[in-house]
Every structure is written in C-alpha cells, then in structure tokens.
file my_file_17.json (JSON, C-alpha atoms)
[["chain", "number", "residue", "atom", "x", "y", "z"],
["A", 132, "MET", "CA", 12.64, 30.90, -10.71],
["A", 133, "ASN", "CA", 14.82, 27.88, -11.38],
["A", 134, "GLN", "CA", 13.71, 24.28, -11.98],
["A", 135, "ARG", "CA", 14.37, 23.09, -8.47],
["A", 136, "ASN", "CA", 12.15, 25.79, -6.99],
["A", 137, "TRP", "CA", 9.31, 24.89, -9.33],
["A", 138, "ILE", "CA", 9.59, 21.25, -8.35],
["A", 139, "THR", "CA", 9.70, 22.15, -4.65],
["A", 140, "GLN", "CA", 6.57, 24.29, -5.02],
["A", 141, "TRP", "CA", 4.83, 21.52, -6.93],
["A", 142, "ILE", "CA", 5.72, 19.00, -4.21],
["A", 143, "ASP", "CA", 4.42, 21.38, -1.53],
["A", 144, "THR", "CA", 1.09, 21.61, -3.36],
["A", 145, "LYS", "CA", 0.83, 17.85, -3.43],
["A", 146, "ARG", "CA", 1.80, 17.52, 0.23],
["A", 147, "ASN", "CA", -0.91, 19.96, 1.24],
["A", 148, "THR", "CA", -3.67, 18.03, -0.46],
["A", 149, "SER", "CA", -6.44, 17.33, 2.02],
["A", 150, "PHE", "CA", -9.83, 15.68, 1.86],
["A", 151, "ASP", "CA", -13.10, 16.82, 3.38],
["A", 152, "SER", "CA", -14.56, 13.36, 3.73],
["A", 153, "ASP", "CA", -14.40, 11.51, 7.03],
["A", 154, "LEU", "CA", -14.02, 7.79, 6.51],
["A", 155, "ALA", "CA", -14.28, 6.88, 10.17],
["A", 156, "ASP", "CA", -18.08, 6.58, 10.35],
["A", 157, "SER", "CA", -18.51, 4.41, 7.27],
["A", 158, "ILE", "CA", -15.57, 2.19, 8.21],
["A", 159, "MET", "CA", -16.76, 1.74, 11.78],
["A", 160, "ALA", "CA", -20.25, 0.90, 10.51],
["A", 161, "ALA", "CA", -18.74, -1.86, 8.36],
["A", 162, "VAL", "CA", -16.48, -3.02, 11.19],
["A", 163, "ASN", "CA", -19.33, -3.20, 13.70],
["A", 164, "ALA", "CA", -21.58, -5.01, 11.24],
["A", 165, "HIS", "CA", -19.21, -8.00, 11.40],
["A", 166, "PRO", "CA", -17.26, -7.45, 14.60],
["A", 167, "ARG", "CA", -15.98, -10.97, 15.10],
["A", 168, "ARG", "CA", -15.14, -12.13, 11.61],
["A", 169, "PRO", "CA", -12.30, -9.71, 10.85],
["A", 170, "LEU", "CA", -10.33, -10.31, 13.99],
["A", 171, "ILE", "CA", -9.68, -13.99, 13.54],
["A", 172, "SER", "CA", -7.14, -15.07, 11.03],
["A", 173, "THR", "CA", -8.65, -18.45, 10.20],
["A", 174, "VAL", "CA", -6.01, -19.49, 7.71],
["A", 175, "SER", "CA", -2.97, -19.41, 9.92],
["A", 176, "ILE", "CA", -4.50, -20.12, 13.31],
["A", 177, "ALA", "CA", -7.24, -22.64, 12.70],
["A", 178, "ALA", "CA", -5.92, -24.61, 9.75],
["A", 179, "PRO", "CA", -7.20, -28.20, 10.12],
["A", 180, "VAL", "CA", -4.58, -30.84, 10.77],
["A", 181, "SER", "CA", -5.10, -34.05, 8.85],
["A", 182, "ARG", "CA", -5.06, -37.29, 10.82],
["A", 183, "PHE", "CA", -3.18, -38.82, 7.92],
["A", 184, "ARG", "CA", -0.41, -36.26, 8.02],
["A", 185, "ILE", "CA", 1.74, -38.79, 9.88],
["A", 186, "PHE", "CA", 2.13, -40.77, 6.65],
["A", 187, "ARG", "CA", 3.86, -37.85, 5.01],
["A", 188, "SER", "CA", 7.01, -38.61, 6.93],
["A", 189, "GLN", "CA", 7.34, -41.86, 5.00],
["A", 190, "PRO", "CA", 8.87, -41.31, 1.58],
["A", 191, "VAL", "CA", 7.12, -44.14, -0.28],
["A", 192, "LEU", "CA", 3.69, -43.09, 0.86],
["A", 193, "LEU", "CA", 4.38, -39.46, 0.08],
["A", 194, "ALA", "CA", 3.88, -40.02, -3.67],
["A", 195, "GLY", "CA", 0.53, -38.81, -4.96],
["A", 196, "GLY", "CA", -1.74, -39.58, -7.90],
["A", 197, "THR", "CA", -1.95, -42.94, -9.71],
["A", 198, "VAL", "CA", 1.65, -43.89, -9.05],
["A", 199, "GLY", "CA", 1.27, -43.03, -5.40],
["A", 200, "GLY", "CA", -1.86, -45.13, -5.08],
["A", 201, "PHE", "CA", -0.20, -48.08, -6.80],
["A", 202, "LEU", "CA", 2.84, -47.81, -4.52],
["A", 203, "ARG", "CA", 0.64, -47.69, -1.43],
["A", 204, "VAL", "CA", -1.21, -50.84, -2.46],
["A", 205, "ALA", "CA", 2.08, -52.56, -3.36],
["A", 206, "VAL", "CA", 3.63, -51.74, 0.00],
["A", 207, "PHE", "CA", 0.47, -52.87, 1.81],
["A", 208, "LEU", "CA", 0.46, -56.22, -0.07],
["A", 209, "TYR", "CA", 4.19, -56.69, 0.50],
["A", 210, "VAL", "CA", 3.79, -56.14, 4.25],
["A", 211, "LEU", "CA", 0.75, -58.44, 4.32],
["A", 212, "LEU", "CA", 2.60, -61.23, 2.49],
["A", 213, "PHE", "CA", 5.63, -60.76, 4.69],
["A", 214, "ILE", "CA", 3.50, -61.15, 7.83],
["A", 215, "CYS", "CA", 1.69, -64.18, 6.50],
["B", 81, "MET", "CA", 4.15, 4.13, 18.88],
["B", 82, "THR", "CA", 3.37, 2.63, 22.30],
["B", 83, "ASP", "CA", 0.04, 4.41, 22.25],
["B", 84, "GLU", "CA", -0.61, 2.85, 18.85],
["B", 85, "LEU", "CA", 0.25, -0.63, 20.07],
["B", 86, "GLN", "CA", -2.11, -0.19, 23.00],
["B", 87, "LEU", "CA", -4.85, 0.83, 20.59],
["B", 88, "ILE", "CA", -4.17, -2.22, 18.44],
["B", 89, "ARG", "CA", -4.28, -4.49, 21.48],
["B", 90, "ARG", "CA", -7.60, -2.96, 22.48],
["B", 91, "VAL", "CA", -8.99, -3.65, 19.01],
["B", 92, "LEU", "CA", -7.73, -7.23, 19.10],
["B", 93, "ASP", "CA", -9.38, -7.66, 22.47],
["B", 94, "GLY", "CA", -12.69, -6.75, 20.89],
["B", 95, "ASP", "CA", -12.90, -3.01, 21.62],
["B", 96, "THR", "CA", -13.45, -1.73, 18.10],
["B", 97, "THR", "CA", -13.62, 1.92, 19.15],
["B", 98, "GLY", "CA", -9.81, 1.94, 19.18],
["B", 99, "PHE", "CA", -9.87, 1.38, 15.45],
["B", 100, "ARG", "CA", -11.76, 4.64, 14.91],
["B", 101, "ILE", "CA", -8.82, 6.52, 16.39],
["B", 102, "LEU", "CA", -6.44, 4.74, 14.00],
["B", 103, "VAL", "CA", -8.69, 5.55, 11.04],
["B", 104, "GLN", "CA", -8.91, 9.20, 12.03],
["B", 105, "ARG", "CA", -5.16, 9.36, 12.47],
["B", 106, "TYR", "CA", -4.28, 7.83, 9.12],
["B", 107, "GLN", "CA", -7.20, 8.59, 6.79],
["B", 108, "GLN", "CA", -5.65, 11.74, 5.31],
["B", 109, "PRO", "CA", -2.20, 10.32, 4.50],
["B", 110, "VAL", "CA", -3.69, 7.04, 3.23],
["B", 111, "MET", "CA", -6.20, 8.81, 0.97],
["B", 112, "ARG", "CA", -3.56, 11.21, -0.29],
["B", 113, "MET", "CA", -1.17, 8.38, -1.03],
["B", 114, "ILE", "CA", -3.83, 6.38, -2.91],
["B", 115, "CYS", "CA", -4.89, 9.46, -4.82],
["B", 116, "HIS", "CA", -1.34, 10.20, -5.90],
["B", 117, "LEU", "CA", -0.50, 6.60, -6.76],
["B", 118, "THR", "CA", -3.65, 5.91, -8.78],
["B", 119, "GLY", "CA", -4.18, 9.41, -10.12],
["B", 120, "GLN", "CA", -7.91, 8.84, -9.80],
["B", 121, "SER", "CA", -9.33, 11.20, -7.25],
["B", 122, "ALA", "CA", -12.87, 9.85, -7.72],
["B", 123, "GLU", "CA", -11.99, 6.36, -6.55],
["B", 124, "CYS", "CA", -9.41, 7.00, -3.86],
["B", 125, "GLU", "CA", -12.03, 7.23, -1.11],
["B", 126, "ASP", "CA", -13.43, 3.78, -2.00],
["B", 127, "ILE", "CA", -9.96, 2.30, -2.13],
["B", 128, "ALA", "CA", -9.09, 3.90, 1.21],
["B", 129, "GLN", "CA", -12.16, 2.27, 2.75],
["B", 130, "GLU", "CA", -11.04, -1.10, 1.42],
["B", 131, "VAL", "CA", -7.57, -0.50, 2.85],
["B", 132, "PHE", "CA", -8.86, 0.21, 6.35],
["B", 133, "LEU", "CA", -11.29, -2.70, 6.30],
["B", 134, "SER", "CA", -8.54, -4.99, 5.11],
["B", 135, "ALA", "CA", -6.27, -3.68, 7.88],
["B", 136, "PHE", "CA", -9.00, -4.38, 10.43],
["B", 137, "ARG", "CA", -9.59, -7.91, 9.15],
["B", 138, "HIS", "CA", -5.90, -8.76, 9.17],
["B", 139, "LEU", "CA", -4.88, -6.78, 12.23],
["B", 140, "ARG", "CA", -3.83, -9.96, 14.00],
["B", 141, "SER", "CA", -1.17, -10.54, 11.37],
["B", 142, "PHE", "CA", 0.47, -7.16, 12.08],
["B", 143, "ASP", "CA", 3.82, -7.76, 13.76],
["B", 144, "PRO", "CA", 5.19, -4.71, 15.62],
["B", 145, "ASP", "CA", 8.65, -6.29, 15.70],
["B", 146, "ARG", "CA", 8.83, -6.26, 11.91],
["B", 147, "SER", "CA", 7.48, -2.81, 11.09],
["B", 148, "ARG", "CA", 5.66, 0.24, 12.29],
["B", 149, "PHE", "CA", 1.86, 0.22, 12.01],
["B", 150, "SER", "CA", 2.03, 3.07, 9.49],
["B", 151, "THR", "CA", 4.44, 1.06, 7.28],
["B", 152, "TRP", "CA", 2.11, -1.94, 7.42],
["B", 153, "LEU", "CA", -0.92, 0.22, 6.59],
["B", 154, "PHE", "CA", 0.86, 2.07, 3.77],
["B", 155, "THR", "CA", 1.94, -1.28, 2.31],
["B", 156, "ILE", "CA", -1.70, -2.37, 2.12],
["B", 157, "ALA", "CA", -2.57, 1.00, 0.55],
["B", 158, "ARG", "CA", 0.27, 0.67, -1.94],
["B", 159, "ASN", "CA", -0.79, -2.84, -2.96],
["B", 160, "ARG", "CA", -4.47, -1.90, -3.30],
["B", 161, "SER", "CA", -3.54, 1.12, -5.40],
["B", 162, "MET", "CA", -1.37, -0.97, -7.69],
["B", 163, "ASN", "CA", -4.15, -3.57, -8.06],
["B", 164, "ASP", "CA", -6.60, -0.85, -8.94],
["B", 165, "LEU", "CA", -4.20, 0.67, -11.44],
["B", 166, "ARG", "CA", -3.65, -2.72, -13.11],
["B", 167, "ARG", "CA", -7.36, -3.53, -13.16],
["B", 168, "ASN", "CA", -8.34, -0.24, -14.74],
["B", 169, "ARG", "CA", -5.28, -0.10, -16.97],
["B", 170, "MET", "CA", -5.15, 3.63, -16.67],
["B", 171, "VAL", "CA", -2.12, 5.83, -16.72],
["B", 172, "PRO", "CA", -2.35, 8.16, -13.76],
["B", 173, "LEU", "CA", -3.23, 11.62, -14.90],
["B", 174, "THR", "CA", -3.13, 15.07, -13.42],
["B", 175, "ASP", "CA", -4.66, 15.23, -10.00],
["B", 176, "ASP", "CA", -6.91, 18.25, -10.53],
["B", 177, "ARG", "CA", -8.41, 17.86, -7.07],
["B", 178, "ALA", "CA", -5.02, 18.29, -5.50],
["B", 179, "GLN", "CA", -4.34, 21.45, -7.47],
["B", 180, "ASN", "CA", -7.73, 22.98, -6.88],
["B", 181, "ARG", "CA", -7.16, 22.69, -3.16],
["B", 182, "SER", "CA", -3.90, 24.49, -3.26],
["B", 183, "ASN", "CA", -3.64, 27.05, -0.49],
["B", 184, "GLU", "CA", -2.59, 29.75, -2.92],
["B", 185, "PRO", "CA", -5.54, 31.79, -4.14],
["B", 186, "VAL", "CA", -4.22, 32.74, -7.58],
["B", 187, "GLU", "CA", -1.94, 30.69, -9.73],
["B", 188, "SER", "CA", -0.11, 32.22, -12.59],
["B", 189, "LEU", "CA", -0.51, 30.76, -16.05],
["B", 190, "LYS", "CA", 3.12, 29.75, -16.16],
["B", 191, "ARG", "CA", 2.95, 28.09, -12.80],
["B", 192, "ARG", "CA", -0.10, 26.08, -13.84],
["B", 193, "GLU", "CA", 1.57, 25.13, -17.08],
["B", 194, "ILE", "CA", 4.72, 23.98, -15.30],
["B", 195, "PHE", "CA", 2.75, 22.00, -12.74],
["B", 196, "ARG", "CA", 0.76, 20.33, -15.52],
["B", 197, "GLU", "CA", 4.01, 19.44, -17.24],
["B", 198, "LEU", "CA", 5.34, 17.96, -14.00],
["B", 199, "ASP", "CA", 2.14, 15.95, -13.52],
["B", 200, "LYS", "CA", 2.48, 14.61, -17.04],
["B", 201, "ALA", "CA", 6.13, 13.72, -16.52],
["B", 202, "LEU", "CA", 5.30, 11.98, -13.24],
["B", 203, "ALA", "CA", 2.54, 9.95, -14.92],
["B", 204, "GLN", "CA", 4.97, 8.84, -17.60],
["B", 205, "LEU", "CA", 7.59, 7.59, -15.17],
["B", 206, "PRO", "CA", 7.97, 3.82, -14.75],
["B", 207, "ASP", "CA", 5.77, 2.65, -11.86],
["B", 208, "ARG", "CA", 8.68, 1.80, -9.56],
["B", 209, "TYR", "CA", 10.26, 5.27, -9.90],
["B", 210, "ARG", "CA", 6.92, 7.01, -9.57],
["B", 211, "ARG", "CA", 6.01, 5.10, -6.39],
["B", 212, "ALA", "CA", 9.35, 5.77, -4.73],
["B", 213, "PHE", "CA", 9.15, 9.47, -5.61],
["B", 214, "ILE", "CA", 5.55, 9.85, -4.39],
["B", 215, "LEU", "CA", 6.21, 8.06, -1.11],
["B", 216, "ALA", "CA", 9.33, 10.10, -0.42],
["B", 217, "GLU", "CA", 8.36, 13.55, -1.65],
["B", 218, "PHE", "CA", 4.57, 13.78, -1.48],
["B", 219, "GLU", "CA", 4.07, 11.62, 1.60],
["B", 220, "GLY", "CA", 7.34, 12.52, 3.28],
["B", 221, "LEU", "CA", 8.12, 8.95, 4.29],
["B", 222, "PRO", "CA", 11.68, 8.15, 5.38],
["B", 223, "TYR", "CA", 13.73, 6.04, 2.99],
["B", 224, "ASP", "CA", 13.88, 3.01, 5.30],
["B", 225, "GLN", "CA", 10.09, 2.93, 5.48],
["B", 226, "ILE", "CA", 9.85, 3.11, 1.67],
["B", 227, "ALA", "CA", 12.36, 0.27, 1.43],
["B", 228, "GLN", "CA", 10.11, -1.85, 3.66],
["B", 229, "ILE", "CA", 6.95, -0.96, 1.75],
["B", 230, "GLU", "CA", 8.54, -1.70, -1.61],
["B", 231, "CYS", "CA", 10.56, -4.70, -0.35],
["B", 232, "ILE", "CA", 13.78, -3.29, -1.81],
["B", 233, "GLY", "CA", 17.12, -2.11, -0.48],
["B", 234, "LEU", "CA", 17.84, 1.39, 0.76],
["B", 235, "GLY", "CA", 20.26, 2.03, -2.12],
["B", 236, "THR", "CA", 17.58, 1.09, -4.65],
["B", 237, "VAL", "CA", 15.14, 3.52, -3.05],
["B", 238, "LYS", "CA", 17.69, 6.33, -3.33],
["B", 239, "SER", "CA", 18.53, 5.57, -6.93],
["B", 240, "ARG", "CA", 14.86, 5.34, -7.96],
["B", 241, "ILE", "CA", 14.10, 8.71, -6.38],
["B", 242, "HIS", "CA", 17.20, 10.24, -7.95],
["B", 243, "ARG", "CA", 16.18, 8.98, -11.41],
["B", 244, "ALA", "CA", 12.64, 10.20, -10.95],
["B", 245, "LYS", "CA", 13.94, 13.66, -10.08],
["B", 246, "GLU", "CA", 16.21, 13.64, -13.11],
["B", 247, "LYS", "CA", 13.26, 12.85, -15.38],
["B", 248, "LEU", "CA", 11.17, 15.59, -13.82],
["B", 249, "GLN", "CA", 13.95, 18.11, -14.30],
["B", 250, "GLN", "CA", 14.27, 17.05, -17.92],
["B", 251, "ALA", "CA", 10.55, 17.68, -18.34],
["B", 252, "LEU", "CA", 11.11, 21.28, -17.31],
["B", 253, "ALA", "CA", 13.94, 21.81, -19.75],
["B", 254, "LYS", "CA", 11.75, 23.72, -22.17],
["B", 255, "PHE", "CA", 10.96, 26.31, -19.49],
["B", 256, "ARG", "CA", 14.62, 26.89, -18.74],
["B", 257, "ASN", "CA", 15.08, 30.06, -20.79],
["B", 258, "GLU", "CA", 11.70, 31.59, -20.08]]
call {"tool": "encode", "arguments": {"input": "my_file_17.json", "output": "structure tokens"}}
result
Amino acid sequence: MNQRNWITQWIDTKRNTSFDSDLADSIMAAVNAHPRRPLISTVSIAAPVSRFRIFRSQPVLLAGGTVGGFLRVAVFLYVLLFIC
Amino acid sequence: MTDELQLIRRVLDGDTTGFRILVQRYQQPVMRMICHLTGQSAECEDIAQEVFLSAFRHLRSFDPDRSRFSTWLFTIARNRSMNDLRRNRMVPLTDDRAQNRSNEPVESLKRREIFRELDKALAQLPDRYRRAFILAEFEGLPYDQIAQIECIGLGTVKSRIHRAKEKLQQALAKFRNE
C-alpha cells in the first residue's frame, strides 16, 4: 500500500470518530438555569451613554488627565472673564 | 439553513427548546473537532459544553449575513480549543480514543505503527498547518469555511493544507520500502 492510501485510511479513521455522550441534557440544564441572562448582549445593546459625551466633540475639552483638567479650568476662566 | 435560522429565532424569542436541536445536530462534529485540535480526549467534552453555552449566551451576536451558523459555532470551538491548548501548554498527542473506536475489528501491527507515526507527525506540525489540515480532512469542512474560521485567505488555506500533507508524507518515508 502506498503512502497516500495510508494517509487516506488514517483520515477515514479520524472522520469516523464518534462519542457516546449526549451533551444536550447537561447543556439544556445549564441554559434553563439562567434562561434570560445569556440572551441579552449587555455590552453592545445596553451600553450606558454619558451625559457628558457632548463635550467630546470639542477638541480642547477632549484632553484627559492633569493637562486636560488644567485646560478645562483655563477655558472656563477665560470665558468667565470674557463675559464679565 | 432556513430551518436553522428559524430555530435560532425561536431561541432568541425565549423558546430554549430550539437550542437542544442545535446541540444535538452539532455535538458530534464539535466534540470531534475539539478532540482533534487539543489532542486531549478527556477534556473535549467539557470544552464542548463551554462552546455550546458560549454560543447560547452570544447567540444574539450571530449574523447570518456574515456566516453560516456552523462556521460561527466552529469558530468558537476553534478558539476555545486554542485557549485550552495554550493554557495547558501541551503538545497534542495521539488520540487513542479515536483509534479504539475505529470500525475495523483488527488492525495490523504495521497499520497501527503507521497511524501512530502520522499522529506524531500531525502533533509536531505548526499549529496553523495542523488546524487547517484537521478542519479540512478530519472535519470535511469546505475551504471557504476554513478561511472564515481562521480569518485568512483561500490561497493561504490551500497552501497550509498542502504543506501539512507534505510533512505527513515525509513522516511516512521510512515505511516506503517496506
């Protein structure tokens, strides 16, 4: 028998592998234990929208951290002085 | 396919019994795939359970316009298997369970030796070649489905399978003149 035939036979053996166990019962038990939780994709559907998200469209106020905080205060004071 | 989409819709509408049909339909190929990819027959049942539960939890994210349900499910199985393989840091070894369940009653010594050699050669293949070969040859998946599961092009799938076959043939070189 040549190499190709051996490999074909070996592949057939692998393809015919079967399992006695039935997963359905254990999976359905787990599914029914928490029927609602799995069906709702909370991350993509119910992601909270920040009320302050509107500020993100303004480049100066987009900066974060210490520099961002300083810039925010500076802009606020500048606007306040300008108004007064 | 349409029947499958109807089942999925039923499940999403809260009728979980539809999911049992999906599990029964896919449990054998999913378990076989996990078993072949991880090489650990003892754990493949647990991993398969995780795969189906994960599929159930994320069923809403399945998009029938992007792939078939089987492709989506096999991708989860592939990823779980790879995670398990990385976590356990084990090289997949001979799948004795698969061989013991062969339909043939008596295996010759040479045949067993050759199959063991092929198992060894398969385990030594780089992961990407091994996965492509297993999905194509053991699971009988079409190349376009493998390309989707592996997120690679069709040409890459073909070349990986071709290289895997070359390596396996090389492994049998010592039996050539017997």
call {"tool": "closest_residue", "arguments": {"input": "my_file_17.json", "among": "B:Glu217, B:Gln120, B:Leu198, B:Gly233", "to": "B:Gln250", "atoms": "all atoms listed in the file"}}
result
B:Leu198
call {"tool": "residues_around", "arguments": {"input": "my_file_17.json", "residues": "B:Leu117", "least_positions_apart": "5", "cutoff": "8 Å", "atoms": "all atoms listed in the file", "output": "ChimeraX atom specification"}}
result
/B:158,161-162,172,210-211,214
call {"tool": "write_last_selection", "arguments": {"input": "my_file_17.json", "atoms": "C-alpha atoms", "output": "mmCIF file, in the frame of the given file"}}
result
data_model
loop_
_atom_site.group_PDB
_atom_site.id
_atom_site.type_symbol
_atom_site.label_atom_id
_atom_site.label_comp_id
_atom_site.auth_asym_id
_atom_site.auth_seq_id
_atom_site.Cartn_x
_atom_site.Cartn_y
_atom_site.Cartn_z
ATOM 1 C CA ARG B 158 0.270 0.670 -1.940
ATOM 2 C CA SER B 161 -3.540 1.120 -5.400
ATOM 3 C CA MET B 162 -1.370 -0.970 -7.690
ATOM 4 C CA PRO B 172 -2.350 8.160 -13.760
ATOM 5 C CA ARG B 210 6.920 7.010 -9.570
ATOM 6 C CA ARG B 211 6.010 5.100 -6.390
ATOM 7 C CA ILE B 214 5.550 9.850 -4.390
#
call {"tool": "residues_around", "arguments": {"input": "my_file_17.json", "residues": "B:Arg243", "least_positions_apart": "4", "cutoff": "8 Å", "atoms": "all atoms listed in the file", "output": "ChimeraX atom specification"}}
result
/B:209,239,247
call {"tool": "interface_residues", "arguments": {"input": "my_file_17.json", "of": "chain B", "to": "chain A", "cutoff": "7 Å", "atoms": "all atoms listed in the file", "output": "PyMOL selection string"}}
result
chain B and resi 92+100+103-104+107-108+112+129+133+136-140+178-179+181-182+195+217-219+249+252
call {"tool": "atom_distance", "arguments": {"input": "my_file_17.json", "atom1": "atom CA of B:Phe154", "atom2": "atom CA of B:Asp93"}}
result
23.4 Å
call {"tool": "closest_residue", "arguments": {"input": "my_file_17.json", "among": "B:Phe149, B:Asp126, B:Arg196, B:Ala201", "to": "B:Asp164", "atoms": "only C-alpha atoms"}}
result
B:Asp126
